[in-house]
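Asker: A single structure is presented below for examination.
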Amino acid sequence: MLDRPIRETRSIVAGAALAAALASVAGAATTNAAATNDDRDGNRSVAARLGGFPGILGFLHNFVVPAELADPEIAPFFARLTETPGDIEICLAMLLDHDLGGSSPHNGAITPTGHQCRSSMSNIHRGLNIPDRIVDKFIAIVGEQAALVGVAGSDIAEVAKALESYRGGVRNK
Ligand code: HEM
């Protein structure tokens with residue numbers, strides 16, 4: 001039990017370092033896509049505690065995406081994409097970083113492939129017909145993975161709240 005937080009902190013740091021490396025190799029997103037650790041609220045923001053944009057991107061890439069795709073009910077929704085998986089991860093990481101107090105733009109950033117992160121959740125998820133139950137599961141998996149890497153329960157609740165705020169635009173479109 002005692003060594004658990006230490007191992008978990010290492011996982012987050014490793015994820016953040018990997019994401020930062022990936023972002024810089026890829027040429028990073030444009031300046032306003034700002035792959036920085038800055039935040040609007042010092043270390044008091046949830047985004048800062050998750051490692052800012054690079055930490056969140058690393059967490060999505062290394063933990064959330066594999067866990068979501070391992071779920072037989074979630075995976076089919078990601079079978080036919082119009083955007084690259086990397087672009088989806090970057091745009092979602094920025095959205096979460098922004099909403100959790102970080103410095104990323106809410107939308108409109110240009111990723112290294114030239115994709116511009118879209119603003120309308122309804123348009124992004126149009127035609128997917130994602131039921132409420134699947135949104136619940138998607139958010140629950142994010143929470144499970146966050147718990148696995150040692151994110152505090154109160155921060156997991158904030159992440160869930162941020163995702164939850166988009167439910168209306170995501171479901172049944
Ligand atoms: C719960 C809150 C959710 C948020 C905030 C969210 C947000 C996003 C964002 C930011 C993107 C990338 C947008 C862009 O390309 O500019 C995206 C793409 C996508 N999301 Fe979600 N999402 C949510 C839930 C879900 C769920 C539950 C599913 C399915 C199980 C899903 C399936 C997808 C798919 C398939 C794409 C790629 C669409 C494409 O390639 O055109 N999302 N989402």
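Here, A, B, ... name the chains of the structure tokens in the order displayed, residue numbers run from 1 inside each chain, and ligands are numbered from 1 in the same displayed order.
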Restrict the calculation to only C-alpha atoms and all ligand atoms, then for each residue of chain A with any atom at most 6 Å from an atom of ligand 1 give the closest atom pair and their distance in Å to one decimal, rows by chain and rising residue number, as a tab-separated table.
Answerer:
residue	atom	partner	partner_atom_place_in_ligand_line	distance
A:Ile74	CA	ligand 1	30 (C)	4.8
A:Phe77	CA	ligand 1	35 (C)	5.1
A:Phe78	CA	ligand 1	35 (C)	4.3
A:Leu81	CA	ligand 1	40 (O)	3.5
A:Thr82	CA	ligand 1	40 (O)	3.7
A:Glu83	CA	ligand 1	40 (O)	4.0
A:Ile88	CA	ligand 1	12 (C)	4.1
A:Cys91	CA	ligand 1	10 (C)	4.8
A:Leu92	CA	ligand 1	10 (C)	3.9
A:Cys117	CA	ligand 1	16 (O)	3.4
A:Arg118	CA	ligand 1	16 (O)	3.7
A:Ile124	CA	ligand 1	38 (C)	5.6
A:His125	CA	ligand 1	20 (N)	6.0
A:Ile130	CA	ligand 1	29 (C)	6.0
A:Ile134	CA	ligand 1	27 (C)	5.6
A:Val135	CA	ligand 1	27 (C)	4.0
A:Phe138	CA	ligand 1	27 (C)	5.0
A:Ile139	CA	ligand 1	1 (C)	5.9
A:Leu163	CA	ligand 1	2 (C)	4.3
A:Glu164	CA	ligand 1	1 (C)	5.7
A:Tyr166	CA	ligand 1	2 (C)	5.2
A:Arg167	CA	ligand 1	1 (C)	5.6
A:Val170	CA	ligand 1	24 (C)	5.8
Asker: From stretch 42-135 of chain A, collect each residue whose DSSP state is alpha helix (DSSP H) and return the set as an mmCIF file with N, CA and C atoms, in the first residue's frame.
Answerer:
data_model
loop_
_atom_site.group_PDB
_atom_site.id
_atom_site.type_symbol
_atom_site.label_atom_id
_atom_site.label_comp_id
_atom_site.auth_asym_id
_atom_site.auth_seq_id
_atom_site.Cartn_x
_atom_site.Cartn_y
_atom_site.Cartn_z
ATOM 1 N N VAL A 46 -6.844 21.354 -11.532
ATOM 2 C CA VAL A 46 -6.828 19.909 -11.789
ATOM 3 C C VAL A 46 -5.898 19.631 -12.963
ATOM 4 N N ALA A 47 -5.975 20.485 -14.002
ATOM 5 C CA ALA A 47 -5.127 20.287 -15.186
ATOM 6 C C ALA A 47 -3.648 20.242 -14.794
ATOM 7 N N ALA A 48 -3.239 21.144 -13.931
ATOM 8 C CA ALA A 48 -1.830 21.176 -13.516
ATOM 9 C C ALA A 48 -1.455 19.887 -12.794
ATOM 10 N N ARG A 49 -2.356 19.407 -11.952
ATOM 11 C CA ARG A 49 -2.049 18.175 -11.209
ATOM 12 C C ARG A 49 -1.984 16.963 -12.138
ATOM 13 N N GLY A 52 -0.753 19.013 -16.989
ATOM 14 C CA GLY A 52 -1.064 19.924 -18.090
ATOM 15 C C GLY A 52 -1.418 19.166 -19.358
ATOM 16 N N PHE A 53 -1.377 19.859 -20.491
ATOM 17 C CA PHE A 53 -1.716 19.205 -21.759
ATOM 18 C C PHE A 53 -0.868 17.944 -22.012
ATOM 19 N N PRO A 54 0.468 18.004 -21.819
ATOM 20 C CA PRO A 54 1.247 16.780 -22.100
ATOM 21 C C PRO A 54 0.873 15.620 -21.193
ATOM 22 N N GLY A 55 0.586 15.919 -19.924
ATOM 23 C CA GLY A 55 0.217 14.853 -18.989
ATOM 24 C C GLY A 55 -1.113 14.231 -19.365
ATOM 25 N N ILE A 56 -2.063 15.081 -19.746
ATOM 26 C CA ILE A 56 -3.395 14.575 -20.113
ATOM 27 C C ILE A 56 -3.314 13.780 -21.413
ATOM 28 N N LEU A 57 -2.529 14.296 -22.365
ATOM 29 C CA LEU A 57 -2.366 13.568 -23.632
ATOM 30 C C LEU A 57 -1.722 12.203 -23.393
ATOM 31 N N GLY A 58 -0.714 12.183 -22.552
ATOM 32 C CA GLY A 58 -0.048 10.909 -22.230
ATOM 33 C C GLY A 58 -0.994 9.939 -21.547
ATOM 34 N N PHE A 59 -1.797 10.471 -20.656
ATOM 35 C CA PHE A 59 -2.785 9.643 -19.943
ATOM 36 C C PHE A 59 -3.813 9.069 -20.931
ATOM 37 N N VAL A 65 -7.236 5.380 -24.028
ATOM 38 C CA VAL A 65 -7.564 4.850 -25.352
ATOM 39 C C VAL A 65 -7.451 3.328 -25.385
ATOM 40 N N PRO A 66 -6.347 2.735 -24.897
ATOM 41 C CA PRO A 66 -6.302 1.268 -24.905
ATOM 42 C C PRO A 66 -7.447 0.640 -24.107
ATOM 43 N N ALA A 67 -7.808 1.256 -22.977
ATOM 44 C CA ALA A 67 -8.885 0.674 -22.155
ATOM 45 C C ALA A 67 -10.239 0.814 -22.855
ATOM 46 N N GLU A 68 -10.484 1.968 -23.485
ATOM 47 C CA GLU A 68 -11.763 2.148 -24.192
ATOM 48 C C GLU A 68 -11.847 1.160 -25.365
ATOM 49 N N LEU A 69 -10.745 1.019 -26.101
ATOM 50 C CA LEU A 69 -10.762 0.141 -27.282
ATOM 51 C C LEU A 69 -10.805 -1.335 -26.896
ATOM 52 N N PRO A 85 -6.457 8.918 -35.092
ATOM 53 C CA PRO A 85 -6.518 8.721 -33.644
ATOM 54 C C PRO A 85 -5.685 9.770 -32.901
ATOM 55 N N GLY A 86 -4.528 10.124 -33.457
ATOM 56 C CA GLY A 86 -3.667 11.129 -32.816
ATOM 57 C C GLY A 86 -4.368 12.472 -32.711
ATOM 58 N N ASP A 87 -5.073 12.859 -33.766
ATOM 59 C CA ASP A 87 -5.785 14.140 -33.741
ATOM 60 C C ASP A 87 -6.910 14.120 -32.703
ATOM 61 N N ILE A 88 -7.614 12.999 -32.639
ATOM 62 C CA ILE A 88 -8.711 12.895 -31.664
ATOM 63 C C ILE A 88 -8.149 13.015 -30.247
ATOM 64 N N GLU A 89 -7.022 12.334 -30.002
ATOM 65 C CA GLU A 89 -6.412 12.403 -28.669
ATOM 66 C C GLU A 89 -5.984 13.831 -28.341
ATOM 67 N N ILE A 90 -5.343 14.493 -29.307
ATOM 68 C CA ILE A 90 -4.850 15.857 -29.059
ATOM 69 C C ILE A 90 -6.025 16.805 -28.775
ATOM 70 N N CYS A 91 -7.072 16.699 -29.609
ATOM 71 C CA CYS A 91 -8.221 17.622 -29.432
ATOM 72 C C CYS A 91 -8.925 17.368 -28.099
ATOM 73 N N LEU A 92 -9.074 16.104 -27.719
ATOM 74 C CA LEU A 92 -9.727 15.811 -26.438
ATOM 75 C C LEU A 92 -8.834 16.236 -25.272
ATOM 76 N N ALA A 93 -7.524 16.026 -25.412
ATOM 77 C CA ALA A 93 -6.595 16.434 -24.340
ATOM 78 C C ALA A 93 -6.652 17.944 -24.137
ATOM 79 N N MET A 94 -6.720 18.682 -25.235
ATOM 80 C CA MET A 94 -6.790 20.146 -25.112
ATOM 81 C C MET A 94 -8.097 20.586 -24.478
ATOM 82 N N LEU A 95 -9.178 19.946 -24.902
ATOM 83 C CA LEU A 95 -10.494 20.278 -24.341
ATOM 84 C C LEU A 95 -10.481 20.068 -22.824
ATOM 85 N N LEU A 96 -9.964 18.914 -22.404
ATOM 86 C CA LEU A 96 -9.940 18.614 -20.972
ATOM 87 C C LEU A 96 -8.991 19.554 -20.236
ATOM 88 N N ASP A 97 -7.805 19.786 -20.826
ATOM 89 C CA ASP A 97 -6.852 20.701 -20.190
ATOM 90 C C ASP A 97 -7.518 22.066 -19.995
ATOM 91 N N HIS A 98 -8.154 22.549 -21.049
ATOM 92 C CA HIS A 98 -8.839 23.848 -20.961
ATOM 93 C C HIS A 98 -9.902 23.837 -19.855
ATOM 94 N N ASP A 99 -10.756 22.839 -19.893
ATOM 95 C CA ASP A 99 -11.893 22.821 -18.969
ATOM 96 C C ASP A 99 -11.460 22.593 -17.523
ATOM 97 N N MET A 121 -19.757 19.463 -30.439
ATOM 98 C CA MET A 121 -19.824 18.051 -30.039
ATOM 99 C C MET A 121 -20.896 17.313 -30.853
ATOM 100 N N SER A 122 -21.986 18.017 -31.178
ATOM 101 C CA SER A 122 -23.052 17.374 -31.959
ATOM 102 C C SER A 122 -22.530 16.991 -33.339
ATOM 103 N N ASN A 123 -21.784 17.906 -33.963
ATOM 104 C CA ASN A 123 -21.257 17.591 -35.295
ATOM 105 C C ASN A 123 -20.199 16.504 -35.224
ATOM 106 N N ILE A 124 -19.329 16.585 -34.218
ATOM 107 C CA ILE A 124 -18.258 15.586 -34.089
ATOM 108 C C ILE A 124 -18.849 14.182 -33.966
ATOM 109 N N ASP A 132 -26.901 6.829 -24.189
ATOM 110 C CA ASP A 132 -26.535 7.308 -22.849
ATOM 111 C C ASP A 132 -25.654 6.309 -22.084
ATOM 112 N N ARG A 133 -26.073 5.067 -22.148
ATOM 113 C CA ARG A 133 -25.389 3.996 -21.416
ATOM 114 C C ARG A 133 -23.916 3.887 -21.826
ATOM 115 N N ILE A 134 -23.638 4.136 -23.118
ATOM 116 C CA ILE A 134 -22.263 4.058 -23.610
ATOM 117 C C ILE A 134 -21.467 5.291 -23.145
ATOM 118 N N VAL A 135 -22.153 6.432 -23.069
ATOM 119 C CA VAL A 135 -21.483 7.626 -22.520
ATOM 120 C C VAL A 135 -21.110 7.350 -21.062
#
Asker: For atom CA of A:Glu158 and atom CA of A:Ile110, determine how far apart the two atoms are, in Å to one decimal place.
Answerer: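 So the two atoms, atom CA of A:Glu158 and atom CA of A:Ile110, lie 26.2 Å apart.
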Asker: What does the distance between atom CA of A:Ser104 and atom CA of A:Asn62 come to in Å, to one decimal place?
Answerer: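 Going from atom CA of A:Ser104 over to atom CA of A:Asn62 covers 20.1 Å.
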Asker: Which residue is closest to A:Lys173? Choose from A:Gly114, A:Gly127, A:Pro72, A:Gly153 and count only C-alpha atoms.
Answerer: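 The closest residue to A:Lys173 is A:Gly127.
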Asker: Rounded to one decimal in Å, what is the spacing between atom CA of A:His61 and atom CA of A:Pro131?
Answerer: 23.9 Å
